[in-house]
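Data from my_file.txt: compact mmCIF, C-alpha atoms
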```
# COMPACT_ATOMS: atom_id res chain seq x y z
CA MET A 237 -0.70 -16.89 -18.87
CA GLU A 238 -2.93 -19.60 -20.34
CA THR A 239 -2.93 -23.31 -19.52
CA THR A 240 -1.10 -24.04 -22.78
CA ASP A 241 1.75 -21.93 -21.43
CA LEU A 242 1.94 -24.24 -18.42
CA GLN A 243 2.55 -27.07 -20.86
CA LYS A 244 5.35 -25.06 -22.45
CA LEU A 245 6.75 -24.32 -19.00
CA SER A 246 6.86 -28.04 -18.28
CA GLU A 247 8.97 -28.54 -21.39
CA ASP A 248 11.35 -25.79 -20.27
CA VAL A 249 12.24 -27.63 -17.05
CA ARG A 250 15.09 -29.91 -18.10
CA ARG A 251 16.81 -32.65 -16.14
CA PRO A 252 19.96 -31.84 -14.17
CA THR A 253 23.21 -33.23 -15.56
CA ASP A 254 23.24 -36.85 -14.41
CA ALA A 255 26.80 -37.32 -15.67
CA MET A 256 27.98 -34.81 -13.07
CA ARG A 257 26.15 -36.67 -10.32
CA THR A 258 27.96 -39.83 -11.42
CA ALA A 259 31.25 -37.94 -11.51
CA ALA A 260 30.67 -36.81 -7.94
CA ALA A 261 29.97 -40.36 -6.80
CA ASP A 262 33.15 -41.55 -8.51
CA ARG A 263 35.13 -38.77 -6.87
CA TRP A 264 33.82 -39.71 -3.42
CA SER A 265 34.49 -43.42 -3.89
CA ALA A 266 37.65 -43.57 -5.96
CA GLU A 267 39.60 -40.32 -5.66
CA LEU A 268 39.37 -38.67 -2.27
CA ALA A 269 41.51 -39.67 0.69
CA LEU A 270 38.48 -40.85 2.63
CA PRO A 271 37.05 -44.22 3.62
CA PRO A 272 33.91 -45.17 1.68
CA ARG A 273 30.73 -43.35 2.69
CA SER A 274 32.62 -41.14 5.14
CA PHE A 275 30.03 -38.38 4.81
CA GLY A 276 26.90 -40.50 4.41
CA SER A 277 23.91 -38.63 3.00
CA LEU A 278 25.94 -35.46 2.52
CA GLU A 279 27.65 -37.19 -0.38
CA LYS A 280 24.28 -37.33 -2.14
CA VAL A 281 23.77 -33.63 -1.42
CA ALA A 282 27.08 -32.78 -3.06
CA GLY A 283 26.20 -35.02 -6.01
CA TRP A 284 22.85 -33.27 -6.40
CA LEU A 285 24.55 -29.90 -6.46
CA CYS A 286 27.04 -31.13 -9.07
CA ALA A 287 24.10 -32.25 -11.20
CA VAL A 288 22.18 -28.98 -10.95
CA GLN A 289 25.31 -26.86 -11.50
CA GLY A 290 26.50 -29.08 -14.32
CA GLN A 291 30.03 -29.41 -12.99
CA CYS A 292 32.15 -31.52 -10.64
CA PRO A 293 33.46 -30.50 -8.20
CA PRO A 294 30.66 -28.01 -7.56
CA ARG A 295 31.04 -24.30 -7.05
CA PRO A 296 30.66 -23.05 -3.48
CA ILE A 297 27.33 -21.51 -2.50
CA GLU A 298 28.13 -17.82 -2.21
CA ARG A 299 24.81 -16.02 -2.70
CA ALA A 300 22.03 -17.92 -0.96
CA ARG A 301 18.77 -15.99 -1.02
CA LEU A 302 15.65 -16.48 1.12
CA VAL A 303 12.48 -15.03 -0.41
CA LEU A 304 9.49 -14.82 1.94
CA PHE A 305 6.00 -14.66 0.43
CA ALA A 306 3.58 -13.06 2.88
CA GLY A 307 -0.18 -13.39 2.86
CA ASP A 308 -3.14 -13.64 5.21
CA HIS A 309 -5.65 -16.46 4.84
CA GLY A 310 -9.34 -15.97 5.46
CA ILE A 311 -9.59 -19.42 7.01
CA ALA A 312 -7.77 -18.00 10.05
CA ALA A 313 -11.01 -16.20 10.99
CA LEU A 314 -13.04 -19.43 11.16
CA GLU A 315 -14.12 -19.96 14.76
CA THR A 316 -16.08 -22.89 16.19
CA ARG A 317 -16.87 -23.07 19.90
CA GLY A 318 -14.13 -20.59 20.65
CA ARG A 319 -11.45 -22.46 18.67
CA ARG A 320 -9.71 -21.43 15.46
CA VAL A 321 -7.50 -23.26 12.94
CA THR A 322 -4.48 -21.23 14.06
CA ALA A 323 -3.16 -19.77 17.30
CA GLN A 324 -2.20 -16.62 15.39
CA PRO A 325 -4.82 -13.86 15.38
CA PRO A 326 -6.43 -13.22 11.98
CA GLY A 327 -4.77 -10.36 10.15
CA SER A 328 -1.58 -10.56 12.21
CA THR A 329 0.74 -11.00 9.24
CA ALA A 330 1.38 -7.26 8.83
CA ALA A 331 3.01 -7.11 12.25
CA THR A 332 5.10 -10.17 11.43
CA LEU A 333 6.16 -8.62 8.15
CA ARG A 334 7.21 -5.42 9.91
CA MET A 335 9.26 -7.48 12.37
CA TYR A 336 11.08 -9.14 9.48
CA GLY A 337 11.51 -5.77 7.82
CA ARG A 338 13.38 -4.58 10.93
CA GLY A 339 15.62 -7.65 10.72
CA GLU A 340 14.26 -9.09 13.96
CA GLY A 341 12.60 -12.30 12.75
CA PRO A 342 14.18 -15.69 13.46
CA ALA A 343 14.94 -16.14 9.77
CA ASN A 344 16.76 -12.78 9.81
CA VAL A 345 18.87 -14.01 12.72
CA LEU A 346 19.74 -17.27 10.97
CA ALA A 347 20.42 -15.52 7.67
CA ARG A 348 22.96 -13.28 9.35
CA ALA A 349 24.57 -16.27 11.04
CA TYR A 350 24.82 -18.32 7.85
CA ASP A 351 25.67 -15.62 5.31
CA ALA A 352 22.38 -15.51 3.44
CA THR A 353 20.11 -12.61 2.52
CA VAL A 354 16.36 -12.17 2.93
CA ARG A 355 13.80 -10.60 0.62
CA LEU A 356 10.22 -9.85 1.72
CA ILE A 357 7.25 -9.85 -0.64
CA ASP A 358 3.73 -8.78 0.36
CA VAL A 359 1.54 -10.88 -1.91
CA SER A 360 -1.78 -10.81 -0.06
CA VAL A 361 -1.38 -9.32 3.42
CA ASP A 362 -4.66 -8.19 4.97
CA CYS A 363 -3.89 -4.61 5.96
CA ASP A 364 -4.02 -1.04 4.71
CA PRO A 365 -0.89 -0.07 2.73
CA GLU A 366 -0.08 2.60 5.34
CA GLU A 367 0.55 -0.11 7.94
CA LEU A 368 3.56 -1.26 5.90
CA ALA A 369 4.82 2.21 5.01
CA GLU A 370 8.05 1.64 6.99
CA LEU A 371 9.04 -1.16 4.61
CA PRO A 372 10.86 -0.60 1.29
CA ALA A 373 8.52 0.02 -1.63
CA GLU A 374 9.63 -3.21 -3.36
CA VAL A 375 8.02 -5.23 -0.55
CA THR A 376 4.48 -4.11 -1.36
CA ALA A 377 4.85 -3.27 -5.05
CA GLY A 378 3.59 -6.67 -6.20
CA ARG A 379 0.60 -7.08 -3.87
CA ILE A 380 -2.12 -9.07 -5.62
CA ARG A 381 -5.00 -8.58 -3.19
CA ARG A 382 -5.81 -8.02 0.47
CA GLY A 383 -6.17 -11.38 2.23
CA THR A 384 -8.02 -14.38 0.83
CA GLY A 385 -11.46 -15.91 1.03
CA ARG A 386 -12.36 -18.65 3.50
CA ILE A 387 -11.45 -21.77 1.57
CA ASP A 388 -13.90 -23.99 3.44
CA ARG A 389 -16.80 -22.18 1.75
CA GLU A 390 -15.41 -19.95 -1.05
CA GLU A 391 -12.42 -19.58 -3.32
CA ALA A 392 -9.22 -18.09 -1.92
CA CYS A 393 -8.89 -15.70 -4.86
CA THR A 394 -9.94 -15.37 -8.48
CA ARG A 395 -8.28 -17.27 -11.28
CA ALA A 396 -6.91 -14.00 -12.68
CA GLU A 397 -5.32 -13.21 -9.31
CA ALA A 398 -3.79 -16.70 -9.13
CA GLU A 399 -2.33 -16.24 -12.61
CA ALA A 400 -0.95 -12.82 -11.70
CA ALA A 401 0.62 -14.16 -8.51
CA PHE A 402 2.15 -17.10 -10.37
CA ALA A 403 3.67 -14.69 -12.89
CA LEU A 404 4.96 -12.52 -10.03
CA GLY A 405 6.75 -15.51 -8.53
CA ARG A 406 8.39 -16.31 -11.84
CA GLU A 407 9.52 -12.71 -12.26
CA LEU A 408 11.02 -12.73 -8.76
CA ALA A 409 12.97 -15.92 -9.48
CA ASP A 410 14.33 -14.38 -12.68
CA ALA A 411 15.32 -11.23 -10.81
CA GLU A 412 17.13 -13.18 -8.10
CA VAL A 413 19.02 -15.40 -10.55
CA ASP A 414 19.93 -12.41 -12.71
CA ALA A 415 21.28 -10.68 -9.57
CA GLY A 416 23.60 -13.63 -8.93
CA ALA A 417 21.70 -15.87 -6.50
CA ASP A 418 23.11 -19.41 -6.66
CA LEU A 419 20.66 -21.05 -4.23
CA LEU A 420 17.05 -20.00 -3.61
CA MET A 421 14.97 -20.68 -0.51
CA PRO A 422 11.23 -19.91 -0.76
CA GLY A 423 9.26 -19.46 2.43
CA LEU A 424 5.71 -18.51 3.38
CA ILE A 425 4.56 -16.37 6.28
CA GLY A 426 0.98 -15.65 7.17
CA ALA A 427 -1.73 -16.50 9.67
CA GLY A 428 -3.46 -19.76 8.78
CA HIS A 429 -1.17 -20.80 5.93
CA THR A 430 -0.70 -24.41 7.09
CA THR A 431 -4.40 -25.05 6.42
CA PRO A 432 -4.30 -24.37 2.66
CA ALA A 433 -0.98 -26.21 2.57
CA ALA A 434 -2.70 -29.28 4.01
CA VAL A 435 -5.57 -28.94 1.54
CA LEU A 436 -3.17 -28.71 -1.41
CA VAL A 437 -1.23 -31.78 -0.31
CA ALA A 438 -4.38 -33.79 0.33
CA ALA A 439 -5.83 -32.84 -3.06
CA LEU A 440 -2.62 -33.69 -4.91
CA THR A 441 -1.93 -36.97 -3.11
CA GLY A 442 -5.46 -38.28 -2.58
CA ALA A 443 -5.07 -38.22 1.20
CA ASP A 444 -7.94 -37.61 3.63
CA ALA A 445 -8.20 -34.54 5.83
CA ALA A 446 -7.24 -36.19 9.12
CA SER A 447 -3.97 -37.59 7.73
CA VAL A 448 -2.67 -34.20 6.58
CA THR A 449 -3.90 -31.91 9.34
CA GLY A 450 -1.29 -30.82 11.86
CA ARG A 451 -1.24 -28.37 14.74
CA GLY A 452 0.36 -25.54 12.77
CA SER A 453 1.10 -22.66 15.11
CA GLY A 454 0.22 -24.78 18.13
CA VAL A 455 -3.54 -25.39 18.33
CA ASP A 456 -4.91 -27.72 21.00
CA ASP A 457 -7.03 -30.82 20.38
CA ALA A 458 -10.22 -28.80 19.95
CA GLY A 459 -8.46 -26.46 17.54
CA TRP A 460 -7.12 -29.43 15.59
CA THR A 461 -10.68 -30.74 15.20
CA VAL A 462 -11.83 -27.38 13.81
CA LYS A 463 -8.85 -27.30 11.46
CA CYS A 464 -9.44 -30.85 10.27
CA ALA A 465 -13.08 -30.01 9.48
CA ALA A 466 -11.94 -26.93 7.56
CA VAL A 467 -9.50 -29.00 5.51
CA ARG A 468 -12.26 -31.55 4.80
CA ASP A 469 -14.68 -28.87 3.63
CA ALA A 470 -12.03 -27.14 1.51
CA LEU A 471 -11.18 -30.45 -0.13
CA ARG A 472 -14.76 -30.76 -1.36
CA LEU A 473 -14.19 -27.58 -3.34
CA ALA A 474 -10.63 -28.38 -4.40
CA ARG A 475 -10.96 -31.89 -5.77
CA PRO A 476 -13.33 -31.01 -8.64
CA VAL A 477 -10.76 -28.56 -10.06
CA LEU A 478 -7.69 -30.76 -9.56
CA ALA A 479 -7.00 -31.00 -13.28
CA ASP A 480 -6.68 -27.21 -13.67
CA GLN A 481 -3.67 -25.95 -11.71
CA TYR A 482 -4.68 -22.29 -11.83
CA GLU A 483 -8.17 -23.09 -10.58
CA LEU A 484 -6.66 -25.24 -7.84
CA MET A 485 -4.46 -22.36 -6.67
CA ALA A 486 -7.41 -19.98 -6.76
CA THR A 487 -9.79 -22.36 -5.02
CA CYS A 488 -7.81 -23.66 -2.07
CA ALA A 489 -4.44 -21.91 -1.84
CA GLY A 490 -4.23 -18.20 -2.63
CA PRO A 491 -1.84 -15.70 -4.16
CA ASP A 492 1.08 -16.35 -1.80
CA PHE A 493 1.07 -20.07 -2.67
CA ALA A 494 0.68 -19.29 -6.37
CA ALA A 495 3.63 -16.89 -6.24
CA ALA A 496 5.84 -19.38 -4.38
CA THR A 497 4.90 -22.10 -6.89
CA GLY A 498 5.83 -19.89 -9.83
CA PHE A 499 9.07 -19.00 -8.03
CA ILE A 500 10.08 -22.66 -7.60
CA LEU A 501 9.18 -23.53 -11.19
CA GLN A 502 11.11 -20.64 -12.67
CA ALA A 503 14.13 -21.49 -10.54
CA ALA A 504 14.04 -24.94 -12.13
CA VAL A 505 13.75 -23.37 -15.58
CA ARG A 506 16.80 -21.25 -14.76
CA ARG A 507 18.69 -24.34 -13.52
CA THR A 508 19.07 -22.88 -10.04
CA PRO A 509 18.92 -25.12 -6.94
CA VAL A 510 16.05 -24.70 -4.48
CA LEU A 511 16.21 -25.52 -0.78
CA LEU A 512 12.74 -26.24 0.62
CA ASP A 513 11.72 -25.42 4.17
CA GLY A 514 8.45 -26.48 5.77
CA VAL A 515 4.99 -27.59 4.74
CA GLY A 516 4.11 -24.41 2.83
CA ALA A 517 7.09 -24.45 0.48
CA THR A 518 6.87 -28.23 0.13
CA ALA A 519 3.19 -28.01 -0.86
CA CYS A 520 4.15 -25.45 -3.51
CA ALA A 521 6.86 -27.78 -4.80
CA LEU A 522 4.27 -30.55 -5.03
CA LEU A 523 2.03 -28.29 -7.09
CA ALA A 524 5.03 -27.31 -9.22
CA GLN A 525 5.66 -31.01 -9.84
CA ARG A 526 2.07 -31.31 -11.09
CA ILE A 527 2.86 -28.63 -13.68
CA ALA A 528 6.38 -29.77 -14.57
CA PHE A 529 7.26 -33.26 -13.37
CA ARG A 530 11.03 -32.67 -13.35
CA THR A 531 10.81 -29.80 -10.87
CA PRO A 532 11.68 -31.89 -7.76
CA GLU A 533 15.04 -32.77 -9.32
CA TRP A 534 16.04 -29.14 -8.75
CA CYS A 535 14.92 -29.20 -5.11
CA LEU A 536 16.47 -30.36 -1.86
CA ALA A 537 14.36 -30.87 1.26
CA ALA A 538 15.97 -29.04 4.17
CA GLN A 539 14.01 -30.45 7.07
CA LEU A 540 11.00 -32.41 8.21
CA SER A 541 8.56 -30.29 10.19
CA PRO A 542 5.95 -31.79 12.54
CA GLU A 543 3.21 -31.15 9.95
CA PRO A 544 2.02 -34.55 8.59
CA ALA A 545 1.17 -33.02 5.21
CA GLN A 546 4.83 -32.31 4.60
CA LEU A 547 5.85 -35.95 4.96
CA LYS A 548 3.17 -37.00 2.46
CA ALA A 549 4.35 -34.33 0.04
CA LEU A 550 8.01 -35.31 0.40
CA ASP A 551 7.13 -38.95 -0.24
CA ARG A 552 5.37 -37.96 -3.47
CA LEU A 553 8.31 -35.73 -4.45
CA SER A 554 10.81 -38.53 -3.63
CA LEU A 555 12.79 -36.11 -1.47
CA GLU A 556 14.54 -37.05 1.76
CA PRO A 557 14.92 -34.23 4.33
CA LEU A 558 18.37 -33.36 5.61
CA LEU A 559 17.25 -32.50 9.15
CA ASP A 560 14.59 -33.79 11.50
CA PHE A 561 14.70 -31.45 14.48
CA LYS A 562 10.91 -30.92 14.61
CA VAL A 563 11.37 -27.23 13.72
CA ARG A 564 7.97 -25.65 13.11
CA ALA A 565 9.07 -21.99 12.93
CA GLY A 566 8.48 -21.77 9.17
CA ALA A 567 9.51 -18.65 7.24
CA GLY A 568 12.51 -20.43 5.78
CA CYS A 569 14.14 -21.18 9.15
CA GLY A 570 14.55 -24.89 8.38
CA ALA A 571 16.17 -24.13 5.04
CA LEU A 572 18.62 -21.75 6.69
CA LEU A 573 19.49 -24.35 9.33
CA ALA A 574 20.32 -26.83 6.56
CA LEU A 575 22.34 -24.34 4.53
CA PRO A 576 25.65 -24.97 6.40
CA LEU A 577 25.31 -28.69 5.68
CA VAL A 578 24.93 -28.02 1.96
CA ARG A 579 27.98 -25.80 2.00
CA ALA A 580 29.93 -28.37 3.99
CA ALA A 581 29.14 -31.11 1.48
CA VAL A 582 30.38 -28.88 -1.34
CA SER A 583 33.59 -27.97 0.48
CA VAL A 584 34.54 -31.52 1.39
CA LEU A 585 33.96 -32.82 -2.13
CA ALA A 586 35.79 -29.92 -3.77
CA GLU A 587 38.72 -29.48 -1.38
CA THR A 588 39.64 -32.88 0.04
CA PRO A 589 42.79 -34.12 -1.71
CA SER A 590 43.32 -37.49 -3.30
CA TYR A 591 45.48 -40.10 -1.57
CA ALA A 592 48.38 -39.22 -3.86
CA ASP A 593 48.06 -35.47 -3.31
CA ALA A 594 47.86 -36.00 0.44
CA GLY A 595 50.93 -38.24 0.43
CA LEU A 596 48.97 -41.17 1.80
CA PRO A 597 49.16 -44.77 0.63
CA GLU A 598 45.99 -45.92 -1.12
CA PRO A 599 44.12 -48.77 0.55
CA THR A 600 44.55 -52.15 -1.12
CA VAL A 601 40.77 -52.63 -1.21
CA ARG A 602 38.18 -49.86 -1.43
CA SER A 603 34.99 -51.70 -0.67
CA ALA A 604 31.64 -49.94 -0.56
CA LEU A 605 29.73 -49.89 2.71
```

Kindly return the structure encoded in the file as structure tokens.
Amino acid sequence: METTDLQKLSEDVRRPTDAMRTAAADRWSAELALPPRSFGSLEKVAGWLCAVQGQCPPRPIERARLVLFAGDHGIAALETRGRRVTAQPPGSTAATLRMYGRGEGPANVLARAYDATVRLIDVSVDCDPEELAELPAEVTAGRIRRGTGRIDREEACTRAEAEAAFALGRELADAEVDAGADLLMPGLIGAGHTTPAAVLVAALTGADAASVTGRGSGVDDAGWTVKCAAVRDALRLARPVLADQYELMATCAGPDFAAATGFILQAAVRRTPVLLDGVGATACALLAQRIAFRTPEWCLAAQLSPEPAQLKALDRLSLEPLLDFKVRAGAGCGALLALPLVRAAVSVLAETPSYADAGLPEPTVRSAL
């Protein structure tokens, strides 16, 4: 896919139906047997879903789908004075992926609890294919490469690999929507992935390394210093290619980020709502906004993680997170935790009767709070 196709893709992302958002606000304020602003920010959530579905009241969310993009990052191997950028061992993603394949990951647990399904995609895991032989063939069928380069001194992948991963993400979004998914949740798993996420956010917002660098999987102060230096060095390579989105993905992100970005963009093209989790998915949404500026209108921020890069990205996306429980688990866990709130907002708006239908007298004054 050439850069000109990215311009075409931007044109394909249309605005949600604002008239349905207005209809939802009118229903909350003038029709339902509820005092004004009874459900606070959840009323905006229901209005957003009306807009993206193009109807009011909205349809219930029946087929929520979490898609996890797995990849190892070469930056995880960087070691300075015994400290690394991540507490996870380099190359540990294969074991994590097998855990999720057995249904034992925290996102698996939450998905079962909240009636969602999980799909695993090996985009760039650093292991021999035999190590993932226990997983279904569809998990590894789209692998782009094995691991990535160390982004503080070399590109994460080639431009051709970034383009292929981006196309893979779009194909996956199409497949999920065609299969009936009515809400998509992208997530990233992989050792070291919060470092390229921080680099992406810093490059796209003009922030400095220290302001976007968090503790990721739980590094100590010395580890944070190593990580901050890695983000700074990676930014020196990323900023010169900021105008070329494919080069940016190849230089400082990698195939898993490229695939998740394509996934979010194609969901917007297909007018399907996206629930964002932590810093990885949010960084991809920020990159998607760079390609198609209307993309954030199809996204809802599930939660605010402790990673400072995510807050900067959400500010640029003009998205307000539903939850702030300091969840750093990643892998879509925050999105799954917010899923019941989204469903609740839909149910209350759709099923609460009017004053007349409930047999209640209407208030003489319905003032806004």

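Near stretch 446-449 of chain A, within 9 Å and counting all atoms listed in the file, sit A:Thr430, A:Thr431, A:Ala434, A:Val435, A:Val437, A:Ala438, A:Ala443, A:Asp444, A:Arg451, A:Gly452, A:Trp460, A:Thr461, A:Lys463, A:Cys464, A:Ala465, A:Val467, A:Arg468, A:Glu543, A:Pro544, A:Ala545, A:Gln546, A:Leu547, A:Lys548, not including residues fewer than 2 positions from it in the same chain.
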
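For the residues A:Leu404, A:Ile357, A:Leu553, A:Leu278, ranking by smallest atom-to-atom distance to A:Arg579 using all atoms listed in the file places A:Leu278 first.
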
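The nearest approach to A:Asp492 among the residues A:Ile311, A:Ala581, A:Ala549, A:Ile380, with only C-alpha atoms taken into account, belongs to A:Ile380.
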
Inset, instruction - Can you work out the spacing between atom CA of A:Glu366 and atom CA of A:Asp308 in Å, to one decimal? - result: 16.5 Å

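Using only C-alpha atoms, the smallest distance between any of A:Glu397, A:Glu533, A:Asp414, A:Asp358 and A:Val303 comes from A:Asp358.
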
Inset, instruction - Taking (5.6, -22.6, -5.2) in the file's own coordinates, collect the residues within 7 Å, counting all atoms listed in the file, and hand them back as a PyMOL selection string. - result: chain A and resi 493-500+517+520-521+523-524

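Ranking A:Ala489, A:Ala592, A:Ala439, A:Ala411 by their shortest atom-to-atom distance to A:Thr384, with all atoms listed in the file included, puts A:Ala489 first.
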
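Comparing A:Ala259, A:Ile425, A:Pro597, A:Ala313 by their smallest distance to A:Thr332, the closest is A:Ile425 (using all atoms listed in the file).
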
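Among the candidates A:Ala349, A:Met485, A:Ala323, A:Leu471, the residue lying nearest to A:Ser453 is A:Ala323 (atoms considered: all atoms listed in the file).
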
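With atom CA of A:Trp264 on one side and atom CA of A:Trp534 on the other, the separation reads 21.4 Å.
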
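Our summary of the geometry notes that atom CA of A:Cys292 is positioned 13.0 Å from atom CA of A:Lys280.
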
Write out as a Markdown table a residue-level contact list of stretch 287-333 of chain A versus stretch 561-568 of chain A with cut-off 9 Å: for each qualifying residue the closest pair of atoms and the distance in Å to one decimal, counting only C-alpha atoms, rows sorted by chain and residue number upward.
```
| residue | atom | partner | partner_atom | distance |
| --- | --- | --- | --- | --- |
| A:Leu302 | CA | A:Gly568 | CA | 6.9 |
| A:Val303 | CA | A:Gly568 | CA | 8.2 |
| A:Leu304 | CA | A:Ala567 | CA | 6.5 |
| A:Phe305 | CA | A:Ala567 | CA | 8.6 |
```

Inset, instruction - May I have the residues within 9 Å of A:Ile387 as a PyMOL selection string, using only C-alpha atoms and disregarding those fewer than 5 positions away in the same chain? - result: chain A and resi 309-311+392+432+466-467+469-471+473-474+487-489

Legend entry - Selection near A:Ala571, 10 Å with only C-alpha atoms, sequence-local residues under 2 positions removed, as a PyMOL selection string: chain A and resi 302+343+346-347+420-423+510-514+536-539+558-559+566-569+573-576

Please report, as lines of an AutoDock Vina configuration file, the centre and edge lengths in Å to one decimal of an axis-aligned box covering all listed atoms of stretch 553-569 of chain A with 6 Å per side.
```
center_x = 13.2
center_y = -28.6
center_z = 5.1
size_x = 22.4
size_y = 31.9
size_z = 31.1
```

Inset, instruction - Pull the neighbourhood of (2.7, -14.3, 5.2) for me: all residues within 7 Å in file coordinates, counting all atoms listed in the file, as a PyMOL selection string. - result: chain A and resi 305-308+329+361+424-427

Legend entry - Long-range neighbours of A:Ala458 as an NGL selection string, 9 Å cut-off, only C-alpha atoms, 5 positions minimum in chain: :A and (317 or 319-320 or 463)

Save stretch 291-311 of chain A to disk from that block, N, CA and C atoms included, as an mmCIF file, in the first residue's frame.
```cif
data_model
loop_
_atom_site.group_PDB
_atom_site.id
_atom_site.type_symbol
_atom_site.label_atom_id
_atom_site.label_comp_id
_atom_site.auth_asym_id
_atom_site.auth_seq_id
_atom_site.Cartn_x
_atom_site.Cartn_y
_atom_site.Cartn_z
ATOM 1 N N GLN A 291 -28.054 5.112 15.228
ATOM 2 C CA GLN A 291 -29.439 4.932 15.654
ATOM 3 C C GLN A 291 -29.586 5.253 17.135
ATOM 4 N N CYS A 292 -30.780 5.665 17.510
ATOM 5 C CA CYS A 292 -31.111 5.947 18.909
ATOM 6 C C CYS A 292 -32.510 5.403 19.197
ATOM 7 N N PRO A 293 -32.678 4.589 20.247
ATOM 8 C CA PRO A 293 -31.646 4.113 21.167
ATOM 9 C C PRO A 293 -30.693 3.132 20.486
ATOM 10 N N PRO A 294 -29.514 2.944 21.071
ATOM 11 C CA PRO A 294 -28.514 2.080 20.438
ATOM 12 C C PRO A 294 -28.832 0.602 20.614
ATOM 13 N N ARG A 295 -28.240 -0.198 19.746
ATOM 14 C CA ARG A 295 -28.344 -1.647 19.894
ATOM 15 C C ARG A 295 -27.451 -2.110 21.035
ATOM 16 N N PRO A 296 -27.835 -3.160 21.739
ATOM 17 C CA PRO A 296 -26.948 -3.695 22.782
ATOM 18 C C PRO A 296 -25.674 -4.270 22.180
ATOM 19 N N ILE A 297 -24.596 -4.226 22.949
ATOM 20 C CA ILE A 297 -23.327 -4.819 22.532
ATOM 21 C C ILE A 297 -23.405 -6.321 22.798
ATOM 22 N N GLU A 298 -23.441 -7.106 21.741
ATOM 23 C CA GLU A 298 -23.619 -8.544 21.880
ATOM 24 C C GLU A 298 -22.388 -9.355 21.485
ATOM 25 N N ARG A 299 -21.516 -8.784 20.656
ATOM 26 C CA ARG A 299 -20.350 -9.540 20.195
ATOM 27 C C ARG A 299 -19.099 -8.672 20.304
ATOM 28 N N ALA A 300 -18.677 -8.449 21.550
ATOM 29 C CA ALA A 300 -17.450 -7.696 21.797
ATOM 30 C C ALA A 300 -16.253 -8.614 21.578
ATOM 31 N N ARG A 301 -15.254 -8.113 20.895
ATOM 32 C CA ARG A 301 -14.122 -8.944 20.484
ATOM 33 C C ARG A 301 -12.807 -8.259 20.852
ATOM 34 N N LEU A 302 -11.977 -8.942 21.649
ATOM 35 C CA LEU A 302 -10.632 -8.477 21.962
ATOM 36 C C LEU A 302 -9.650 -9.158 21.031
ATOM 37 N N VAL A 303 -8.843 -8.365 20.328
ATOM 38 C CA VAL A 303 -7.809 -8.899 19.440
ATOM 39 C C VAL A 303 -6.455 -8.466 19.991
ATOM 40 N N LEU A 304 -5.627 -9.450 20.336
ATOM 41 C CA LEU A 304 -4.325 -9.188 20.934
ATOM 42 C C LEU A 304 -3.225 -9.371 19.903
ATOM 43 N N PHE A 305 -2.441 -8.310 19.692
ATOM 44 C CA PHE A 305 -1.330 -8.328 18.747
ATOM 45 C C PHE A 305 -0.040 -8.566 19.539
ATOM 46 N N ALA A 306 0.623 -9.667 19.267
ATOM 47 C CA ALA A 306 1.794 -10.058 20.048
ATOM 48 C C ALA A 306 3.077 -9.827 19.272
ATOM 49 N N GLY A 307 4.066 -9.292 19.970
ATOM 50 C CA GLY A 307 5.363 -9.077 19.333
ATOM 51 C C GLY A 307 6.435 -8.775 20.369
ATOM 52 N N ASP A 308 7.630 -9.258 20.122
ATOM 53 C CA ASP A 308 8.776 -8.924 20.977
ATOM 54 C C ASP A 308 9.480 -7.700 20.426
ATOM 55 N N HIS A 309 10.084 -6.944 21.323
ATOM 56 C CA HIS A 309 10.781 -5.716 20.932
ATOM 57 C C HIS A 309 12.245 -5.809 21.331
ATOM 58 N N GLY A 310 13.113 -5.567 20.352
ATOM 59 C CA GLY A 310 14.539 -5.687 20.585
ATOM 60 C C GLY A 310 15.051 -4.792 21.693
ATOM 61 N N ILE A 311 14.362 -3.698 21.943
ATOM 62 C CA ILE A 311 14.797 -2.769 22.992
ATOM 63 C C ILE A 311 14.781 -3.433 24.367
#
```
